[in-house]
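Shown next, in C-alpha cells, is the structure this report addresses.
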There are 2 protein chains.
Amino acid sequence: MNKIFLEIQSITIIGKGNVAWLYNDIMTKNGFVVNCISSRKEIRNEYLEVDLIIIAVSDKAIEEVVSKFKLENTILVHTSGTMDMGILINNAKNYGVFYPLQTISKAIEVDFSNIPLCIEGNNEKTFSLLSNLANKLSKKVYKISSDQRKEIHIAAVFANNFTNHLFGIAKQELGKKDIPFEILFPLIDQTIAKIKTNNPFEVQTGPAKRNDIPVMEKHKLRLGEDEREIYKLLSEKIIKKNQEL
Amino acid sequence: MNKIFLEIQSITIIGKGNVAWLYNDIMTKNGFVVNCISSRKEIRNEYLEVDLIIIAVSDKAIEEVVSKFKLENTILVHTSGTMDMGILINNAKNYGVFYPLQTISKAIEVDFSNIPLCIEGNNEKTFSLLSNLANKLSKKVYKISSDQRKEIHIAAVFANNFTNHLFGIAKQELGKKDIPFEILFPLIDQTIAKIKTNNPFEVQTGPAKRNDIPVMEKHKLRLGEDEREIYKLLSEKIIKKNQEL
C-alpha cells in the first residue's frame, strides 16, 4: 500500500439512510472533513480523492454504486452486516468493512461512543487505519471477520428486531384492557439485567418453562390469530430447549 | 366486615416457590410477623389466626390448599397472574389477590420497591388493607381486576418469557463463532430505551421491516431448524404488522 496518509482525515459517505446520516453526524462532530452524497449521480471526482469512502447504501445497491471505482489509495468500505468484505475486491486496492452494531433511527438519539463498531480490512495497514478512526468515535471497536459479522447480524435480528415485535404485542394486549405499558417496565428491566449475567436459557421462567398446559391454553384463547401462532411456536421451543438443557 | 384490625400485621405465607420466598423475605425485612409454611401438612390453627394468609402455590393447587378454610376475619389472597379472585369465595369472607408482576429467581436479587403489585379485594375494606400493606413494600401498587390481571400475565409472557428465549438464541448463535454476547448489550439497551418512549411497532427496524428477502433467505440458511422456524414466523408477522400500520 502507498503510505500516502498516516491517518484518515477526509471522508466521503455515500448513502441517504440511517447509517449514512449517523456516520456523517458523528464524523462531522469529531472534526473530520466529510462529504455526504445521497445519490450516485452526485459523485464527482473530488469526492473520490479522499482518504476513505464509506458506502452506506442497501446491500443490493453496493456493487452497483462501487462498480465504476478503481481506487488506488483511497480506502473503500461498506457498512453492511451481511455482505462479504470481498465484494469490494475489484474496486479498490485497500478495502474493508465499517459495520455499526446498533438499531438506528434518525428520530432517536444514541450515544455513539457506546456503539460497537465491527471492523475488517483486506490488509494490515487498512485495518489499522480503520481501527484508529473507529477508536476516535467509539469505545467499542471489534475486529470481526465477514463470517463472524453475518452471525452477529442474525443474533441482532433475534435480540432486537424480534424482541421489539414481542414488546409491541405486549403493549397491544395491555391496551385492550386500558392498562399502561409502563406496568411492564420493571419486568423488562429485570429481564435484561438477568440475561446480561446469565445464560438466558438457564434463567427461563414462565408457563412454557413449567410446561403448565392449562395456563398456556387459557392464554391462547384470549389471543388473536397472529399472536396465538407466535405464542404456540415460542412456547413449544421453550419446552423443547428446557428438555435439552 | 368485622373491623378486628386496622392494618395487616401478622401474616402466614403458604408455598415453597419463588413468590413465597420473595414475600417472606420482604415482609420479614419490613418487620411483619410472618409464618412461612411450605406444605399444607404443616398448617396448624395458630397459623390461620393471623391478619392475612397469602397462598403462593401453583395455580392448580390453590383450590385444594384453601379447601378446608372458612375464614371469618383473616383476609385470604392468592398470588396468581391467571386465576380469578372468585375462586376464594367459599373460603373467606374477605379475600383478594396480591400478584407481583416480576420474574423472580431466588438466585437473582431484585429491588422489591420497584416491583408492581397488582391488588384486588372483594370489598372496599379488604382492598384498602391490602393496598396499605402493598404500599409499605413497593412504590408501584396498582388496582387491577381479575380480567386485567390475565391480560397482564399474557403481556408479561411476551415481554419476558419469549424475549428471554430470543436473547438465548442470540447468545447461542454468537457462541458458534466465538463472539462474546456482550457485543449485543448496547443494541439491547437501545432496544429497551426505544420501546419505553415509542410504540414498538412504529420503531421496528431490520430485514423483515424492510421486506428484504435476500437477507432473510441468507439468515435462514445459517440457522438450525428450531431457530429457522422462529425466524420465519416472526419475520412474517413483522411484515404483516408493517402492512397494517
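Letters A, B, ... mark the chains of the C-alpha cells in the order given; residue numbers begin at 1 per chain; ligand numbers begin at 1, in order shown.
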Within 7 Å of chain B, which residues of chain A come that close, and what is the closest atom pair and distance in Å for each? Count only C-alpha atoms and give it as a tab-separated table.
```
residue	atom	partner	partner_atom	distance
A:Leu101	CA	B:Leu187	CA	6.8
A:Gln102	CA	B:Leu187	CA	5.0
A:Thr103	CA	B:Leu187	CA	6.4
A:Asn114	CA	B:Pro186	CA	6.5
A:Ile115	CA	B:Pro186	CA	6.4
A:Pro116	CA	B:Ile183	CA	6.6
A:Gln148	CA	B:Lys177	CA	5.9
A:Glu151	CA	B:Leu174	CA	6.1
A:Ile152	CA	B:Leu174	CA	6.2
A:Ile154	CA	B:His219	CA	6.2
A:Ala155	CA	B:Ala170	CA	4.2
A:Ala156	CA	B:Ala170	CA	6.9
A:Val157	CA	B:Gly206	CA	6.7
A:Phe158	CA	B:Leu166	CA	5.6
A:Ala159	CA	B:Phe167	CA	5.3
A:Asn160	CA	B:Thr191	CA	6.0
A:Asn161	CA	B:Gly206	CA	5.9
A:Phe162	CA	B:Leu234	CA	6.5
A:Thr163	CA	B:Thr163	CA	5.3
A:Asn164	CA	B:Pro200	CA	5.9
A:His165	CA	B:Phe201	CA	6.3
A:Leu166	CA	B:Phe158	CA	5.6
A:Phe167	CA	B:Ala159	CA	5.3
A:Gly168	CA	B:Pro200	CA	4.7
A:Ala170	CA	B:Ala155	CA	4.2
A:Glu173	CA	B:Ala155	CA	6.1
A:Leu174	CA	B:Glu151	CA	6.1
A:Lys177	CA	B:Gln148	CA	5.9
A:Ile183	CA	B:Pro116	CA	6.7
A:Leu184	CA	B:Ala156	CA	7.0
A:Pro186	CA	B:Ile115	CA	6.4
A:Leu187	CA	B:Gln102	CA	5.0
A:Ile188	CA	B:Asn160	CA	6.3
A:Thr191	CA	B:Asn160	CA	6.0
A:Asn199	CA	B:Gly168	CA	6.7
A:Pro200	CA	B:Gly168	CA	4.7
A:Phe201	CA	B:Gly168	CA	5.4
A:Gln204	CA	B:Asn161	CA	6.6
A:Thr205	CA	B:Asn161	CA	6.1
A:Gly206	CA	B:Asn161	CA	5.9
A:His219	CA	B:Ile154	CA	6.3
A:Leu234	CA	B:Phe162	CA	6.5
A:Ile238	CA	B:His165	CA	6.8
```
Test item, alpha helix (DSSP H) assignment across region 180-233 of chain A, answer as a PyMOL selection string: chain A and resi 185-197+213-222+225-233
CA of His78 (chain A) to CA of Val34 (chain A), straight-line distance in Å: 16.0 Å
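Note that CA of Leu71 (chain A) and CA of Ile55 (chain A) are 13.5 Å apart.
Between CA of Leu221 (chain A) and CA of Gly96 (chain B) the separation is 24.5 Å.
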Contact residues around Ile8 (chain B) with only C-alpha atoms at 10 Å, ignoring same-chain residues under 5 positions, as a JSON list (two decimals) with N, CA, C and O atoms, in the first residue's frame:
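Generated output (selection.json):
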```
[["chain", "number", "residue", "atom", "x", "y", "z"],
["B", 32, "PHE", "N", -42.78, -7.35, 59.67],
["B", 32, "PHE", "CA", -44.04, -8.06, 59.88],
["B", 32, "PHE", "C", -43.78, -9.41, 60.55],
["B", 32, "PHE", "O", -42.70, -9.99, 60.41],
["B", 33, "VAL", "N", -44.80, -9.87, 61.28],
["B", 33, "VAL", "CA", -44.73, -11.21, 61.86],
["B", 33, "VAL", "C", -45.17, -12.19, 60.78],
["B", 33, "VAL", "O", -46.33, -12.17, 60.35],
["B", 50, "VAL", "N", -54.22, -15.22, 61.86],
["B", 50, "VAL", "CA", -53.40, -14.06, 61.52],
["B", 50, "VAL", "C", -54.29, -13.06, 60.77],
["B", 50, "VAL", "O", -55.46, -13.34, 60.51],
["B", 51, "ASP", "N", -53.71, -11.90, 60.42],
["B", 51, "ASP", "CA", -54.49, -10.91, 59.68],
["B", 51, "ASP", "C", -54.65, -11.27, 58.21],
["B", 51, "ASP", "O", -55.64, -10.94, 57.58],
["B", 52, "LEU", "N", -53.61, -11.94, 57.69],
["B", 52, "LEU", "CA", -53.59, -12.22, 56.24],
["B", 52, "LEU", "C", -52.94, -13.56, 55.96],
["B", 52, "LEU", "O", -51.88, -13.87, 56.51],
["B", 74, "THR", "N", -59.73, -13.19, 59.01],
["B", 74, "THR", "CA", -58.47, -13.25, 58.27],
["B", 74, "THR", "C", -58.72, -13.06, 56.78],
["B", 74, "THR", "O", -59.61, -13.69, 56.21],
["B", 75, "ILE", "N", -57.93, -12.18, 56.16],
["B", 75, "ILE", "CA", -58.02, -12.00, 54.70],
["B", 75, "ILE", "C", -57.25, -13.12, 54.03],
["B", 75, "ILE", "O", -56.15, -13.48, 54.46],
["B", 129, "LEU", "N", -56.98, -2.50, 53.05],
["B", 129, "LEU", "CA", -55.96, -3.13, 53.90],
["B", 129, "LEU", "C", -54.83, -3.72, 53.06],
["B", 129, "LEU", "O", -53.65, -3.57, 53.39],
["B", 130, "LEU", "N", -55.20, -4.36, 51.96],
["B", 130, "LEU", "CA", -54.17, -4.95, 51.09],
["B", 130, "LEU", "C", -53.32, -3.88, 50.43],
["B", 130, "LEU", "O", -52.10, -4.01, 50.32],
["B", 132, "ASN", "N", -52.76, -0.86, 51.56],
["B", 132, "ASN", "CA", -51.89, -0.27, 52.59],
["B", 132, "ASN", "C", -50.64, -1.10, 52.79],
["B", 132, "ASN", "O", -49.53, -0.57, 52.85],
["B", 133, "LEU", "N", -50.83, -2.41, 52.89],
["B", 133, "LEU", "CA", -49.68, -3.31, 53.04],
["B", 133, "LEU", "C", -48.77, -3.20, 51.82],
["B", 133, "LEU", "O", -47.55, -3.04, 51.95]]
```
DSSP-assigned strand (DSSP E) among region 47-208 of chain A, expressed as a ChimeraX atom specification: /A:52-55,75-78,95-100,117-121,141-143
Nearby residues (only C-alpha atoms) at most 10 Å from Arg40 (chain A), same-chain spacing under 4 positions excluded, as number ranges by chain: A: 14-15, 44, 64-66
Go ahead and write the residues just picked, all heavy atoms, as a PDB file, in the first residue's frame.
```pdb
ATOM      1  N   ILE A  14     -21.386   7.790   1.051  1.00  0.00           N
ATOM      2  CA  ILE A  14     -22.408   7.681   0.001  1.00  0.00           C
ATOM      3  C   ILE A  14     -23.604   6.925   0.558  1.00  0.00           C
ATOM      4  O   ILE A  14     -23.470   5.784   1.003  1.00  0.00           O
ATOM      5  CB  ILE A  14     -21.849   6.973  -1.252  1.00  0.00           C
ATOM      6  CG1 ILE A  14     -20.620   7.744  -1.765  1.00  0.00           C
ATOM      7  CG2 ILE A  14     -22.924   6.883  -2.347  1.00  0.00           C
ATOM      8  CD1 ILE A  14     -19.924   7.090  -2.955  1.00  0.00           C
ATOM      9  N   GLY A  15     -24.755   7.578   0.544  1.00  0.00           N
ATOM     10  CA  GLY A  15     -25.967   6.946   1.068  1.00  0.00           C
ATOM     11  C   GLY A  15     -26.888   7.995   1.648  1.00  0.00           C
ATOM     12  O   GLY A  15     -26.469   9.118   1.930  1.00  0.00           O
ATOM     13  N   ARG A  44     -18.711  13.246  -7.825  1.00  0.00           N
ATOM     14  CA  ARG A  44     -17.739  13.906  -8.711  1.00  0.00           C
ATOM     15  C   ARG A  44     -16.351  13.467  -8.275  1.00  0.00           C
ATOM     16  O   ARG A  44     -16.159  12.983  -7.164  1.00  0.00           O
ATOM     17  CB  ARG A  44     -17.881  15.424  -8.603  1.00  0.00           C
ATOM     18  CG  ARG A  44     -19.231  15.933  -9.096  1.00  0.00           C
ATOM     19  CD  ARG A  44     -19.178  17.434  -9.399  1.00  0.00           C
ATOM     20  NE  ARG A  44     -18.772  18.227  -8.237  1.00  0.00           N
ATOM     21  CZ  ARG A  44     -19.631  18.789  -7.379  1.00  0.00           C
ATOM     22  NH1 ARG A  44     -20.930  18.656  -7.537  1.00  0.00           N
ATOM     23  NH2 ARG A  44     -19.188  19.473  -6.354  1.00  0.00           N
ATOM     24  N   GLU A  64     -23.442  -2.032  -7.411  1.00  0.00           N
ATOM     25  CA  GLU A  64     -23.716  -1.080  -8.487  1.00  0.00           C
ATOM     26  C   GLU A  64     -23.055   0.276  -8.181  1.00  0.00           C
ATOM     27  O   GLU A  64     -22.458   0.899  -9.060  1.00  0.00           O
ATOM     28  CB  GLU A  64     -25.231  -0.920  -8.616  1.00  0.00           C
ATOM     29  CG  GLU A  64     -25.668  -0.553 -10.015  1.00  0.00           C
ATOM     30  CD  GLU A  64     -27.164  -0.292 -10.061  1.00  0.00           C
ATOM     31  OE1 GLU A  64     -27.916  -0.942  -9.279  1.00  0.00           O
ATOM     32  OE2 GLU A  64     -27.574   0.590 -10.832  1.00  0.00           O
ATOM     33  N   VAL A  65     -23.165   0.722  -6.926  1.00  0.00           N
ATOM     34  CA  VAL A  65     -22.602   2.032  -6.557  1.00  0.00           C
ATOM     35  C   VAL A  65     -21.081   2.051  -6.761  1.00  0.00           C
ATOM     36  O   VAL A  65     -20.523   3.031  -7.256  1.00  0.00           O
ATOM     37  CB  VAL A  65     -22.962   2.389  -5.096  1.00  0.00           C
ATOM     38  CG1 VAL A  65     -22.182   3.621  -4.625  1.00  0.00           C
ATOM     39  CG2 VAL A  65     -24.458   2.630  -4.950  1.00  0.00           C
ATOM     40  N   VAL A  66     -20.420   0.958  -6.410  1.00  0.00           N
ATOM     41  CA  VAL A  66     -18.947   0.961  -6.473  1.00  0.00           C
ATOM     42  C   VAL A  66     -18.430   0.497  -7.839  1.00  0.00           C
ATOM     43  O   VAL A  66     -17.217   0.471  -8.064  1.00  0.00           O
ATOM     44  CB  VAL A  66     -18.322   0.078  -5.360  1.00  0.00           C
ATOM     45  CG1 VAL A  66     -18.743   0.585  -3.994  1.00  0.00           C
ATOM     46  CG2 VAL A  66     -18.660  -1.395  -5.549  1.00  0.00           C
TER      47      VAL A  66
END
```
Contact residues around Gly121 (chain A) with only C-alpha atoms at 6 Å, ignoring same-chain residues under 3 positions, as an MDAnalysis selection string: chainID A and resid 95:96 126:127
